[in-house]
Each structure stands twice: as structure tokens, then as C-alpha cells.
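One structure below.
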Amino acid sequence: MTATLTFLGHSSFQLTLPDDRVILIDPWLTDNPACPEQLKKPARCDLILLTHGHDDHVGEVSNLIDAHNPKIVGNFDLCGALEAKLGKGNFCPMGTGGTQTVDGLRVVLTQAFHGSSISSPTGPIYAGMPNGVIVDVDDLAKVYHAGDTDVFSDMILIAQLYAPGIAILPIGDHFTMGAKGAALAAELLNPRAIIPCHYATFPILASNADAFKAELTGELASLVCEPTIGEPVAWTADGIG
């Protein structure tokens with residue numbers, strides 16, 4: 001079996017391991033206008049990785065707990081807030097900069113520049129520091145999902161510490177970095193494949209990746225992969241197959 005990466009729209013991704021285990025990053029499916037209808041209720045989910053608490057990143061967590069009871073990895077404060085709100089869930093909290101091994105899969109939380117809260121009837125509830133997440137699986141390129149963030153110079157340290165082969169970067173502007181910032185992030189990270197996300201979901205966001213690609217220079221311009229939403233691409237030791 002081969003490993004695959006599937007873009008589910010907005011910032012949601014499905015990683016399928018060679019043994020068929022399924023990892024969902026920032027699952028927002030039911031109310032996600034970009035997610036194909038047939039993928040709104042995943043047939044399997046073994047692990048959820050969360051970057052922060054906003055609804056468009058955690059919106060499917062409750063339904064996935066009911067359907068599959070996956071392990072859920074995220075910032076300590078986010079996990080605590082979600083567990084208190086939902087009253088259920090198999091949470092595996094951790095801190096920024098830490099590494100946690102879950103069923104043989106290594107997960108690292110990095111910093112991100114954004115906010116993090118979960119919604120409640122009385123207003124937002126603090127959910128700790130926003131994060132990016134590194135997914136490290138034997139014999140596969142490391143995946144860095146930057147979460148919602150602006151570019152920051154310490155992305156150089158992420159490259160030095162973890163050498164991600166695949167960088168998933170928000171490019172939509174307004175709530176995250178836009179084309180110019182995301183292009184600089186790609187330069188700092190120096191991955192082997194770049195996947196843009198967090199665009200084209202709402203009118204306020206960039207409608208396509210053209211401006212982002214135009215900002216990339218040299219070899220980086222050839223590394224952009226724009227997966228069709230809902231269609232798996234091969235995830236290999238070298239990046240995207």
C-alpha cells in the first residue's frame with residue numbers, strides 16, 4: 001500500500017498511512033463549503049491533529065469522536081477546553097516545541113502567529129497558543145502544516161530542526177499571510193513540495209493560488225502542488241509523487 005495525502009478544502013487534510021490508518025488535520029467538513037459531500041463523513045479516522053481552536057479547524061471533532069473515537073493531539077489548553085466543552089474524547093495534549101509519539105507516529109507542535117479560541121454560547125473560550133504541526137512517519141517525507149499564521153523568521157529553525165519535505169501553507173490573506181508572506185515562508189522552509197491552503201473558501205480570501213505562485217522564485221515555483229479537493233495524491237519519501 002502507498003501513503004496518500006488528500007486536501008479536503010480550506011485547511012483540512014487527510015493523511016492515509018500505508019497500513020490504512022487515517023489522520024485528519026484540522027477537520028472541518030460538514031459545514032465546509034469546499035469539502036465534497038462524499039467526504040464529509042469519513043469512513044475511518046484514527047488520529048486527529050489540531051493547530052488551533054477556531055470552528056473552521058475543529059468543527060468536525062465532535063462528530064468524529066462519536067463515529068470513530070480517534071486520539072486527538074493538540075495544544076494542552078485547546079485539548080482541555082474542547083474536552084470540557086464536549087464532555088468526551090480521547091485527548092493527547094502536548095506543548096509547543098514538544099514531540100509526542102502516538103501509535104508509532106511522531107507529532108511536533110510548532111509556533112504560529114494567529115489566535116486560538118473555541119466558540120461557546122457566552123463567547124470565545126481561551127484555547128492556548130496557536131500552532132503548526134509536524135507529522136513524522138518512517139520512510140515518508142515529513143509534513144509541516146503551518147496552521148493559520150503569518151510568516152515568521154523562525155521558520156528557518158523549523159527547517160533546521162525538522163527538515164519538512166512537504167509544507168502546507170495558508171495563502172488566503174486577511175486572516176493569515178497572503179501571497180508574498182507565504183512565498184517567503186516557502187523560501188525559509190525550503191521543502192520539496194508546497195501545498196497552498198486556506199484560500200477560495202470564502203469571498204474574503206484569495207480566490208486562487210495564482211498570486212502566490214507568481215511570488216515564488218527559482219525552483220520553488222516548480223514545487224507547488226495544488227491537489228484537486230477530494231482526490232488523493234501520493235505521499236512519498238521524496239514529498240509528493
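Residue numbering restarts at 1 in every chain; chains get A, B, ... in the order shown in the C-alpha cells, and ligands count up from 1 in that same order.
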
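Within the 8 Å cut-off around Val73 of chain A, using only C-alpha atoms and omitting residues fewer than 3 positions from it on the same chain, the listed residues are A:Leu47, A:Ile48, A:Leu49, A:Leu50, A:Cys79, A:Phe91, A:Cys92, A:Pro93, A:Met94.
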
- Item | Spatial neighbours of Leu161 of chain A, max dist 12 Å, only C-alpha atoms, sep filter under 6 positions, as a list in words |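 Residues near the query, excluding close chain neighbours: Gly97, Thr99, Val108, Thr110, Ile134, Lys142, Tyr144, Asp154, Met155 and Leu189 of chain A.
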
Keeping only N, CA and C atoms, write the selected residues to a file as a PDB file, in the first residue's frame.
```pdb
ATOM      1  N   GLY A  97       6.680  22.995  20.771  1.00  0.00           N
ATOM      2  CA  GLY A  97       8.071  22.576  20.773  1.00  0.00           C
ATOM      3  C   GLY A  97       8.279  21.142  21.208  1.00  0.00           C
ATOM      4  N   THR A  99       7.568  16.934  21.302  1.00  0.00           N
ATOM      5  CA  THR A  99       7.310  15.832  20.374  1.00  0.00           C
ATOM      6  C   THR A  99       6.556  14.754  21.125  1.00  0.00           C
ATOM      7  N   VAL A 108       4.959  16.875  16.258  1.00  0.00           N
ATOM      8  CA  VAL A 108       5.592  18.032  16.880  1.00  0.00           C
ATOM      9  C   VAL A 108       4.661  19.230  16.706  1.00  0.00           C
ATOM     10  N   THR A 110       4.648  23.264  16.523  1.00  0.00           N
ATOM     11  CA  THR A 110       5.493  24.431  16.354  1.00  0.00           C
ATOM     12  C   THR A 110       4.698  25.687  16.708  1.00  0.00           C
ATOM     13  N   ILE A 134       4.004  19.238  12.834  1.00  0.00           N
ATOM     14  CA  ILE A 134       4.877  18.388  12.033  1.00  0.00           C
ATOM     15  C   ILE A 134       4.423  16.948  12.190  1.00  0.00           C
ATOM     16  N   LYS A 142       8.492  14.253   5.882  1.00  0.00           N
ATOM     17  CA  LYS A 142       7.811  14.921   6.978  1.00  0.00           C
ATOM     18  C   LYS A 142       6.875  15.993   6.424  1.00  0.00           C
ATOM     19  N   TYR A 144       4.709  19.391   7.189  1.00  0.00           N
ATOM     20  CA  TYR A 144       4.517  20.553   8.071  1.00  0.00           C
ATOM     21  C   TYR A 144       3.258  21.282   7.642  1.00  0.00           C
ATOM     22  N   ASP A 154      11.518  32.453  12.377  1.00  0.00           N
ATOM     23  CA  ASP A 154      11.899  31.179  12.990  1.00  0.00           C
ATOM     24  C   ASP A 154      11.453  29.975  12.169  1.00  0.00           C
ATOM     25  N   MET A 155      10.797  30.204  11.046  1.00  0.00           N
ATOM     26  CA  MET A 155      10.579  29.092  10.119  1.00  0.00           C
ATOM     27  C   MET A 155      11.914  28.508   9.656  1.00  0.00           C
ATOM     28  N   LEU A 189      11.535  27.711   4.526  1.00  0.00           N
ATOM     29  CA  LEU A 189      11.359  26.298   4.866  1.00  0.00           C
ATOM     30  C   LEU A 189      12.095  25.367   3.909  1.00  0.00           C
TER      31      LEU A 189
END
```

- Taking the chain letters and numbering used in this document, name the residues of segment 29-233 of chain A that DSSP puts in alpha helix (DSSP H), as a ChimeraX atom specification. /A:55-58,61-68,76-86,155-162,179-189,210-215

- With a distance cut-off of 12 Å and only C-alpha atoms, select the neighbouring residues of segment 207-218 of chain A, excluding the residue or stretch itself and same-chain residues fewer than 2 positions from it, and output the selection as a PyMOL selection string. chain A and resi 10+169-173+177-188+190+194-205+220-227

- Counting only C-alpha atoms, what is within 12 Å of segment 234-237 of chain A, bar same-chain residues fewer than 5 positions away, as a PyMOL selection string? chain A and resi 1-7+14-18+136-143+164-166+192-193+225+227

- Choose the residue, out of A:Leu39, A:Ala112, A:Ile158, A:Val102, that has the smallest atom-to-atom separation from Pro232 of chain A; count only C-alpha atoms.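 Smallest separation from Pro232 of chain A among the options: A:Leu39.
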
- Query: With only C-alpha atoms as the basis for distance, which of A:Lys88, A:Cys45, A:Asp56, A:Thr51 is at the shortest distance from His68 of chain A?
  - Reply: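 Ranking A:Lys88, A:Cys45, A:Asp56, A:Thr51 by distance to His68 of chain A, first place goes to A:Cys45.
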
- Pick from A:Asn75, A:Ser62, A:Ser117, A:Ser12: nearest to Pro36 of chain A, with only C-alpha atoms counted?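 Closest residue, counting only C-alpha atoms: A:Ser12.
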
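Distances to Asp19 of chain A were evaluated for A:Gly104, A:Ile168, A:Ala146, A:Tyr126 using only C-alpha atoms, and the minimum falls at A:Gly104.
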
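Each of A:Gly74, A:Gly89, A:Gly239, A:Pro33 was checked against Gly132 of chain A using only C-alpha atoms; the smallest atom-to-atom distance is that of A:Gly74.
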
- Students should find that atom CA of His114 of chain A and atom CA of Phe152 of chain A are spaced 11.4 Å

- Query: To one decimal place, how far is atom CA of Val135 of chain A from atom CA of Ala34 of chain A in Å?
  - Reply: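 About the pair atom CA of Val135 of chain A and atom CA of Ala34 of chain A: they are 23.9 Å apart.
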
- What is the distance, in Å and to one decimal place, between atom CA of Ser119 of chain A and atom CA of Thr176 of chain A?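 Between atom CA of Ser119 of chain A and atom CA of Thr176 of chain A the gap is 19.5 Å.
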
- Task: Determine which residues of segment 154-218 of chain A DSSP labels as strand (DSSP E) from the backbone of this structure, then write them out as a ChimeraX atom specification.
- Result: /A:166-170,193-197

Output file for the residues above (N, CA and C atoms, as an mmCIF file, in the first residue's frame):
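Result file is part_2.cif:
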```cif
data_model
loop_
_atom_site.group_PDB
_atom_site.id
_atom_site.type_symbol
_atom_site.label_atom_id
_atom_site.label_comp_id
_atom_site.auth_asym_id
_atom_site.auth_seq_id
_atom_site.Cartn_x
_atom_site.Cartn_y
_atom_site.Cartn_z
ATOM 1 N N ILE A 166 7.304 18.330 2.914
ATOM 2 C CA ILE A 166 6.060 18.903 2.388
ATOM 3 C C ILE A 166 5.641 20.037 3.312
ATOM 4 N N ALA A 167 5.442 21.215 2.750
ATOM 5 C CA ALA A 167 4.979 22.371 3.525
ATOM 6 C C ALA A 167 3.582 22.752 3.065
ATOM 7 N N ILE A 168 2.625 22.681 3.983
ATOM 8 C CA ILE A 168 1.252 23.102 3.724
ATOM 9 C C ILE A 168 1.098 24.500 4.311
ATOM 10 N N LEU A 169 0.876 25.484 3.437
ATOM 11 C CA LEU A 169 0.929 26.886 3.852
ATOM 12 C C LEU A 169 -0.373 27.616 3.535
ATOM 13 N N PRO A 170 -0.903 28.395 4.497
ATOM 14 C CA PRO A 170 -2.076 29.228 4.197
ATOM 15 C C PRO A 170 -1.648 30.410 3.320
ATOM 16 N N ALA A 193 8.082 19.973 -1.584
ATOM 17 C CA ALA A 193 6.754 20.169 -2.168
ATOM 18 C C ALA A 193 6.014 21.201 -1.328
ATOM 19 N N ILE A 194 5.210 22.026 -1.986
ATOM 20 C CA ILE A 194 4.476 23.099 -1.322
ATOM 21 C C ILE A 194 3.002 22.958 -1.690
ATOM 22 N N ILE A 195 2.145 22.917 -0.682
ATOM 23 C CA ILE A 195 0.708 22.812 -0.920
ATOM 24 C C ILE A 195 0.031 24.036 -0.305
ATOM 25 N N PRO A 196 -0.597 24.883 -1.104
ATOM 26 C CA PRO A 196 -1.314 26.041 -0.546
ATOM 27 C C PRO A 196 -2.664 25.625 0.023
ATOM 28 N N CYS A 197 -3.115 26.351 1.055
ATOM 29 C CA CYS A 197 -4.430 26.088 1.635
ATOM 30 C C CYS A 197 -4.997 27.385 2.181
#
```
